[in-house]
$ cat coords_14.txt   # compact mmCIF, C-alpha atoms
# COMPACT_ATOMS: atom_id res chain seq x y z
CA MET A 1 94.75 83.84 193.05
CA ALA A 2 91.25 83.69 194.53
CA THR A 3 90.28 83.48 198.21
CA HIS A 4 87.65 80.95 199.26
CA VAL A 5 85.86 80.25 202.55
CA ILE A 6 84.71 76.63 202.73
CA THR A 7 82.53 74.73 205.19
CA GLY A 8 82.54 70.94 205.29
CA ALA A 9 86.14 70.52 204.11
CA GLY A 10 86.71 67.63 206.50
CA SER A 11 85.23 64.96 204.22
CA GLY A 12 83.32 64.15 201.08
CA ILE A 13 82.51 66.92 198.63
CA GLY A 14 84.10 69.64 200.76
CA ALA A 15 87.42 67.81 201.02
CA GLU A 16 87.51 67.23 197.27
CA VAL A 17 86.75 70.90 196.52
CA ALA A 18 89.41 72.05 199.01
CA HIS A 19 92.07 69.79 197.48
CA ARG A 20 91.27 70.96 193.95
CA LEU A 21 91.39 74.66 194.87
CA LEU A 22 94.64 74.24 196.80
CA GLU A 23 96.22 72.45 193.84
CA ARG A 24 95.59 75.44 191.63
CA GLY A 25 97.16 77.84 194.11
CA ASP A 26 94.13 79.55 195.61
CA THR A 27 93.90 80.77 199.21
CA LEU A 28 91.59 78.76 201.46
CA HIS A 29 89.96 79.58 204.78
CA LEU A 30 88.43 76.36 206.11
CA LEU A 31 85.75 76.58 208.78
CA ALA A 32 86.27 74.25 211.74
CA ARG A 33 83.90 73.73 214.66
CA ASP A 34 86.66 73.97 217.28
CA ALA A 35 90.41 74.46 217.71
CA GLY A 36 91.14 70.73 217.62
CA ARG A 37 89.32 70.33 214.33
CA ALA A 38 91.11 73.41 212.97
CA LYS A 39 94.47 71.77 213.73
CA GLU A 40 93.40 68.61 211.90
CA LEU A 41 92.31 70.59 208.83
CA ALA A 42 95.55 72.61 208.81
CA GLU A 43 97.56 69.38 208.83
CA ARG A 44 95.41 67.78 206.14
CA PHE A 45 95.47 70.81 203.84
CA PRO A 46 98.99 72.32 204.06
CA GLY A 47 98.92 76.02 203.31
CA ALA A 48 95.22 76.44 204.04
CA ARG A 49 94.09 78.77 206.82
CA THR A 50 91.34 78.03 209.29
CA LEU A 51 88.45 79.82 210.93
CA VAL A 52 86.81 78.46 214.06
CA GLY A 53 83.05 78.58 214.40
CA ASP A 54 80.44 75.95 215.22
CA LEU A 55 77.69 75.72 212.61
CA GLY A 56 75.57 73.97 215.22
CA GLU A 57 75.47 77.26 217.15
CA PRO A 58 74.94 79.94 214.51
CA GLU A 59 74.07 82.56 217.12
CA ARG A 60 77.71 82.39 218.32
CA LEU A 61 79.40 82.78 214.94
CA SER A 62 79.52 86.57 215.13
CA TRP A 63 81.22 86.44 218.52
CA ALA A 64 83.66 83.76 217.33
CA PHE A 65 84.63 85.73 214.23
CA SER A 66 85.14 88.93 216.23
CA HIS A 67 88.16 87.22 217.85
CA GLN A 68 89.74 86.08 214.57
CA ALA A 69 91.28 87.64 211.49
CA LEU A 70 88.86 87.34 208.58
CA PRO A 71 89.97 87.59 204.95
CA GLU A 72 89.74 91.13 203.57
CA GLN A 73 87.88 89.95 200.50
CA VAL A 74 86.14 86.68 199.69
CA ASP A 75 85.95 85.51 196.08
CA SER A 76 83.75 82.57 197.00
CA LEU A 77 81.87 81.30 200.03
CA LEU A 78 81.18 77.59 199.63
CA HIS A 79 78.50 76.14 201.89
CA ILE A 80 79.17 72.40 201.75
CA ALA A 81 78.75 71.22 205.37
CA GLY A 82 75.51 69.55 206.39
CA VAL A 83 73.92 67.18 208.88
CA VAL A 84 71.18 64.60 208.44
CA GLU A 85 68.96 62.67 210.83
CA LEU A 86 66.22 60.51 209.38
CA GLY A 87 62.90 59.85 211.07
CA LYS A 88 59.16 60.07 210.65
CA VAL A 89 57.41 63.31 211.50
CA GLY A 90 55.58 61.45 214.26
CA ASP A 91 58.88 60.44 215.84
CA LEU A 92 61.13 63.50 215.45
CA GLY A 93 61.23 65.88 218.40
CA PRO A 94 62.23 69.55 218.51
CA LYS A 95 65.86 68.72 219.31
CA VAL A 96 66.41 67.07 215.90
CA TRP A 97 64.48 69.78 214.08
CA ASN A 98 66.38 72.59 215.79
CA SER A 99 69.81 71.04 215.29
CA THR A 100 69.12 70.23 211.63
CA LEU A 101 67.78 73.69 210.83
CA ALA A 102 70.61 75.37 212.75
CA ALA A 103 73.41 73.62 210.87
CA ASN A 104 71.82 73.36 207.43
CA LEU A 105 69.95 76.66 207.14
CA VAL A 106 70.48 79.22 209.91
CA ALA A 107 74.28 78.83 209.95
CA PRO A 108 74.65 79.34 206.17
CA ALA A 109 72.44 82.43 206.42
CA GLU A 110 74.48 83.84 209.30
CA LEU A 111 77.84 82.97 207.74
CA THR A 112 76.76 84.67 204.53
CA ARG A 113 75.61 87.74 206.44
CA LEU A 114 78.93 88.03 208.24
CA LEU A 115 80.97 87.74 205.04
CA LEU A 116 78.79 89.79 202.70
CA PRO A 117 81.01 92.91 202.92
CA GLN A 118 84.01 90.87 201.75
CA LEU A 119 81.94 89.16 199.04
CA ARG A 120 80.68 92.50 197.75
CA GLN A 121 84.23 93.86 197.74
CA ALA A 122 85.35 90.98 195.53
CA ARG A 123 82.14 90.77 193.48
CA GLY A 124 82.29 87.21 194.69
CA HIS A 125 80.26 84.03 194.48
CA VAL A 126 78.20 82.13 197.05
CA VAL A 127 77.66 78.44 196.33
CA PHE A 128 75.12 76.45 198.32
CA VAL A 129 75.64 72.71 197.96
CA ASN A 130 72.04 71.77 198.53
CA SER A 131 70.53 68.33 197.84
CA GLY A 132 67.90 66.62 195.76
CA ALA A 133 65.95 66.83 199.04
CA GLY A 134 65.88 70.59 198.51
CA LEU A 135 63.57 70.02 195.54
CA ARG A 136 61.42 67.13 196.79
CA ALA A 137 60.70 65.57 200.18
CA ASN A 138 60.43 61.83 200.73
CA PRO A 139 59.12 59.90 203.74
CA ASP A 140 61.50 59.90 206.73
CA TRP A 141 63.41 62.89 205.33
CA SER A 142 61.19 65.70 206.66
CA ALA A 143 63.69 67.62 208.82
CA TYR A 144 66.55 67.37 206.33
CA ALA A 145 64.35 68.19 203.34
CA ALA A 146 62.78 71.13 205.15
CA SER A 147 66.22 72.56 205.90
CA LYS A 148 67.27 72.11 202.26
CA HIS A 149 64.03 73.59 200.89
CA GLY A 150 64.79 76.55 203.16
CA LEU A 151 68.34 76.71 201.79
CA LYS A 152 66.94 77.02 198.27
CA ALA A 153 64.73 79.89 199.42
CA LEU A 154 67.73 81.56 201.07
CA ALA A 155 69.77 81.30 197.87
CA ASP A 156 66.94 82.57 195.67
CA ALA A 157 66.27 85.58 197.90
CA LEU A 158 69.98 86.35 198.24
CA ARG A 159 70.42 86.24 194.46
CA GLY A 160 67.78 88.92 194.00
CA GLU A 161 69.18 91.06 196.78
CA GLU A 162 72.84 90.93 195.75
CA SER A 163 72.72 90.93 191.95
CA GLY A 164 73.20 94.70 191.94
CA ASN A 165 76.38 94.23 193.99
CA GLY A 166 77.84 91.80 191.45
CA VAL A 167 77.61 88.81 193.82
CA ARG A 168 76.71 85.57 192.04
CA ILE A 169 74.64 82.85 193.75
CA THR A 170 74.55 79.19 192.74
CA SER A 171 72.64 76.25 194.22
CA VAL A 172 73.88 72.73 193.45
CA TYR A 173 71.46 69.85 193.98
CA PRO A 174 73.34 66.52 194.07
CA GLY A 175 71.54 63.22 194.18
CA ARG A 176 72.92 60.68 196.60
CA VAL A 177 76.69 61.14 196.76
CA ALA A 178 79.30 58.56 197.80
CA THR A 179 80.34 60.23 201.08
CA PRO A 180 80.55 59.35 204.80
CA MET A 181 77.16 61.07 205.23
CA GLN A 182 75.67 58.63 202.74
CA GLU A 183 77.09 55.73 204.73
CA LYS A 184 75.39 57.11 207.84
CA VAL A 185 72.09 57.44 205.99
CA HIS A 186 72.29 53.83 204.86
CA ARG A 187 72.89 52.69 208.43
CA GLN A 188 69.81 54.64 209.52
CA GLU A 189 67.81 53.09 206.69
CA GLY A 190 69.11 49.60 207.50
CA LYS A 191 70.48 49.20 203.98
CA GLU A 192 73.80 47.96 202.64
CA TYR A 193 76.04 50.76 201.37
CA ASP A 194 77.59 50.48 197.90
CA ALA A 195 79.52 53.61 196.91
CA ASN A 196 79.48 52.62 193.22
CA ARG A 197 75.73 53.26 193.03
CA PHE A 198 76.05 56.96 193.84
CA VAL A 199 77.44 60.20 192.45
CA PRO A 200 81.22 60.43 193.06
CA ALA A 201 82.21 63.35 195.28
CA GLU A 202 84.70 64.31 192.56
CA ALA A 203 81.83 64.90 190.11
CA VAL A 204 80.07 67.31 192.46
CA ALA A 205 83.37 69.10 193.10
CA THR A 206 83.80 69.54 189.34
CA THR A 207 80.29 70.99 189.15
CA VAL A 208 81.10 73.50 191.90
CA LEU A 209 84.35 74.56 190.22
CA THR A 210 82.60 74.88 186.85
CA ALA A 211 80.15 77.33 188.38
CA LEU A 212 82.98 79.28 190.02
CA ASP A 213 85.00 79.47 186.80
CA LEU A 214 82.17 80.74 184.62
CA PRO A 215 83.26 84.02 182.99
CA ARG A 216 82.07 87.25 184.59
CA GLY A 217 78.79 88.37 183.09
CA ALA A 218 77.17 84.93 183.32
CA GLU A 219 75.72 83.09 186.30
CA VAL A 220 74.66 79.49 186.78
CA THR A 221 71.77 79.66 189.24
CA ASP A 222 70.75 76.01 189.74
CA LEU A 223 72.55 72.77 188.89
CA SER A 224 71.27 69.23 189.51
CA VAL A 225 73.75 66.34 189.59
CA ARG A 226 72.50 62.77 189.28
CA PRO A 227 74.18 59.36 189.13
CA GLY A 228 75.20 58.44 185.56
CA GLY A 229 75.70 55.11 183.85
CA HIS A 230 78.32 52.73 185.20
$ encode --input "coords_14.txt" --output "structure tokens"
Amino acid sequence: MATHVITGAGSGIGAEVAHRLLERGDTLHLLARDAGRAKELAERFPGARTLVGDLGEPERLSWAFSHQALPEQVDSLLHIAGVVELGKVGDLGPKVWNSTLAANLVAPAELTRLLLPQLRQARGHVVFVNSGAGLRANPDWSAYAASKHGLKALADALRGEESGNGVRITSVYPGRVATPMQEKVHRQEGKEYDANRFVPAEAVATTVLTALDLPRGAEVTDLSVRPGGH
């Protein structure tokens, strides 16, 4: 029975991954931004445990965790949460840049740092659910793409640093996924949302679990997931 720490379990890919891991009897610690959200997650995922920490304020995560019981070992840390705000470089101010980088890049780095002792103990696995925007940047996506390009760099550096400790690192790069975030993006783009045109969240969850279940001695470093035929 493995122990997993998951961000973004409230919807989309994170919710699907959490359900699948619970079904197979694993122990989950779901990160929630506040106590109210933690209560909602505990009700939605019976048997799962919660940790409270706001990814929008990564500088406070250490303090928040010092007041909670952390798992003694972590078999996987799954970074699935993310935020997006579209806009042209000429229109985006520092507030959007700072909030995007905090949640999508600085918080995963800090959360990983805080849980590295437990990951090393378990010879665990860190999975960064990145984005196609982590490999290429399109107009109006500058802040989000920059945060995801940074997340790729974080994963690549971490892989080199922790390979001697037996910690595996995987980055997953989904194309557009049928999630509430995608609905928000379509509203910002002024486009009609059709979930059937995008990657199902279930498919990305399967990709994440495939990486986790790979036998010891092998490591999937980078996986891209694109919409298939319908």
$ closest_residue --input "coords_14.txt" --among "A:Asp213, A:Asp140, A:Glu161, A:Asp26" --to "Gly87 (chain A)" --atoms "all atoms listed in the file"
A:Asp140
$ residues_near_point --input "coords_14.txt" --point "(86.3, 68.0, 189.9)" --cutoff "10 Å" --atoms "only C-alpha atoms" --output "PyMOL selection string"
chain A and resi 13+16-17+19-21+200-210
$ atom_distance --input "coords_14.txt" --atom1 "CA of Gln73 (chain A)" --atom2 "CA of Asp34 (chain A)"
23.2 Å
$ closest_residue --input "coords_14.txt" --among "A:Leu78, A:Leu92, A:Ala133, A:Leu151" --to "Ala109 (chain A)" --atoms "only C-alpha atoms"
A:Leu151
$ closest_residue --input "coords_14.txt" --among "A:Leu28, A:Ala48, A:Ala146, A:Leu114" --to "Leu86 (chain A)" --atoms "all atoms listed in the file"
A:Ala146
$ closest_residue --input "coords_14.txt" --among "A:Glu23, A:Gly175, A:Gly217, A:Arg33" --to "Ala64 (chain A)" --atoms "only C-alpha atoms"
A:Arg33
$ closest_residue --input "coords_14.txt" --among "A:Gly164, A:Pro174, A:Trp97, A:Asp222" --to "Lys152 (chain A)" --atoms "all atoms listed in the file"
A:Asp222
$ build_atoms --input "coords_14.txt" --residues "region 143-154 of chain A" --atoms "all heavy atoms" --output "short mmCIF file (atom, residue, chain, number, x, y, z; two decimals), keeping the file's coordinate frame"
data_model
loop_
_atom_site.label_atom_id
_atom_site.label_comp_id
_atom_site.auth_asym_id
_atom_site.auth_seq_id
_atom_site.Cartn_x
_atom_site.Cartn_y
_atom_site.Cartn_z
N ALA A 143 62.86 66.56 208.24
CA ALA A 143 63.69 67.62 208.82
C ALA A 143 64.80 68.04 207.86
O ALA A 143 65.03 69.24 207.64
CB ALA A 143 64.29 67.15 210.15
N TYR A 144 65.48 67.07 207.27
CA TYR A 144 66.55 67.37 206.33
C TYR A 144 66.00 68.10 205.10
O TYR A 144 66.55 69.12 204.67
CB TYR A 144 67.25 66.08 205.92
CG TYR A 144 68.42 66.26 204.99
CD1 TYR A 144 69.64 66.74 205.46
CD2 TYR A 144 68.31 65.95 203.63
CE1 TYR A 144 70.73 66.90 204.61
CE2 TYR A 144 69.39 66.11 202.77
CZ TYR A 144 70.59 66.58 203.26
OH TYR A 144 71.66 66.75 202.41
N ALA A 145 64.93 67.58 204.54
CA ALA A 145 64.35 68.19 203.34
C ALA A 145 63.85 69.60 203.63
O ALA A 145 63.99 70.51 202.81
CB ALA A 145 63.22 67.32 202.79
N ALA A 146 63.26 69.79 204.80
CA ALA A 146 62.78 71.13 205.15
C ALA A 146 63.94 72.12 205.23
O ALA A 146 63.85 73.26 204.75
CB ALA A 146 62.03 71.10 206.49
N SER A 147 65.06 71.67 205.80
CA SER A 147 66.22 72.56 205.90
C SER A 147 66.78 72.88 204.51
O SER A 147 67.20 74.00 204.24
CB SER A 147 67.31 71.91 206.77
OG SER A 147 67.94 70.81 206.13
N LYS A 148 66.73 71.90 203.61
CA LYS A 148 67.27 72.11 202.26
C LYS A 148 66.30 72.91 201.38
O LYS A 148 66.74 73.68 200.52
CB LYS A 148 67.61 70.77 201.62
CG LYS A 148 68.77 70.04 202.31
CD LYS A 148 70.06 70.86 202.24
CE LYS A 148 71.26 70.09 202.74
NZ LYS A 148 72.52 70.84 202.60
N HIS A 149 64.99 72.72 201.57
CA HIS A 149 64.03 73.59 200.89
C HIS A 149 64.25 75.04 201.34
O HIS A 149 64.19 75.97 200.53
CB HIS A 149 62.60 73.17 201.21
CG HIS A 149 62.05 72.10 200.30
ND1 HIS A 149 62.55 70.82 200.27
CD2 HIS A 149 61.05 72.13 199.39
CE1 HIS A 149 61.88 70.10 199.38
NE2 HIS A 149 60.96 70.88 198.83
N GLY A 150 64.50 75.22 202.64
CA GLY A 150 64.79 76.55 203.16
C GLY A 150 66.07 77.13 202.58
O GLY A 150 66.15 78.33 202.29
N LEU A 151 67.07 76.26 202.36
CA LEU A 151 68.34 76.71 201.79
C LEU A 151 68.15 77.20 200.36
O LEU A 151 68.78 78.18 199.94
CB LEU A 151 69.36 75.57 201.84
CG LEU A 151 70.82 75.96 201.63
CD1 LEU A 151 71.32 76.82 202.78
CD2 LEU A 151 71.69 74.71 201.48
N LYS A 152 67.27 76.55 199.62
CA LYS A 152 66.94 77.02 198.27
C LYS A 152 66.31 78.41 198.33
O LYS A 152 66.65 79.31 197.55
CB LYS A 152 66.00 76.05 197.56
CG LYS A 152 65.61 76.50 196.15
CD LYS A 152 64.57 75.56 195.54
CE LYS A 152 64.32 75.93 194.07
NZ LYS A 152 63.83 77.32 193.90
N ALA A 153 65.38 78.59 199.26
CA ALA A 153 64.73 79.89 199.42
C ALA A 153 65.75 80.97 199.79
O ALA A 153 65.69 82.10 199.29
CB ALA A 153 63.63 79.81 200.47
N LEU A 154 66.67 80.62 200.68
CA LEU A 154 67.73 81.56 201.07
C LEU A 154 68.55 81.97 199.85
O LEU A 154 68.80 83.16 199.64
CB LEU A 154 68.63 80.90 202.13
CG LEU A 154 69.96 81.59 202.46
CD1 LEU A 154 69.72 82.98 203.02
CD2 LEU A 154 70.77 80.75 203.43
#
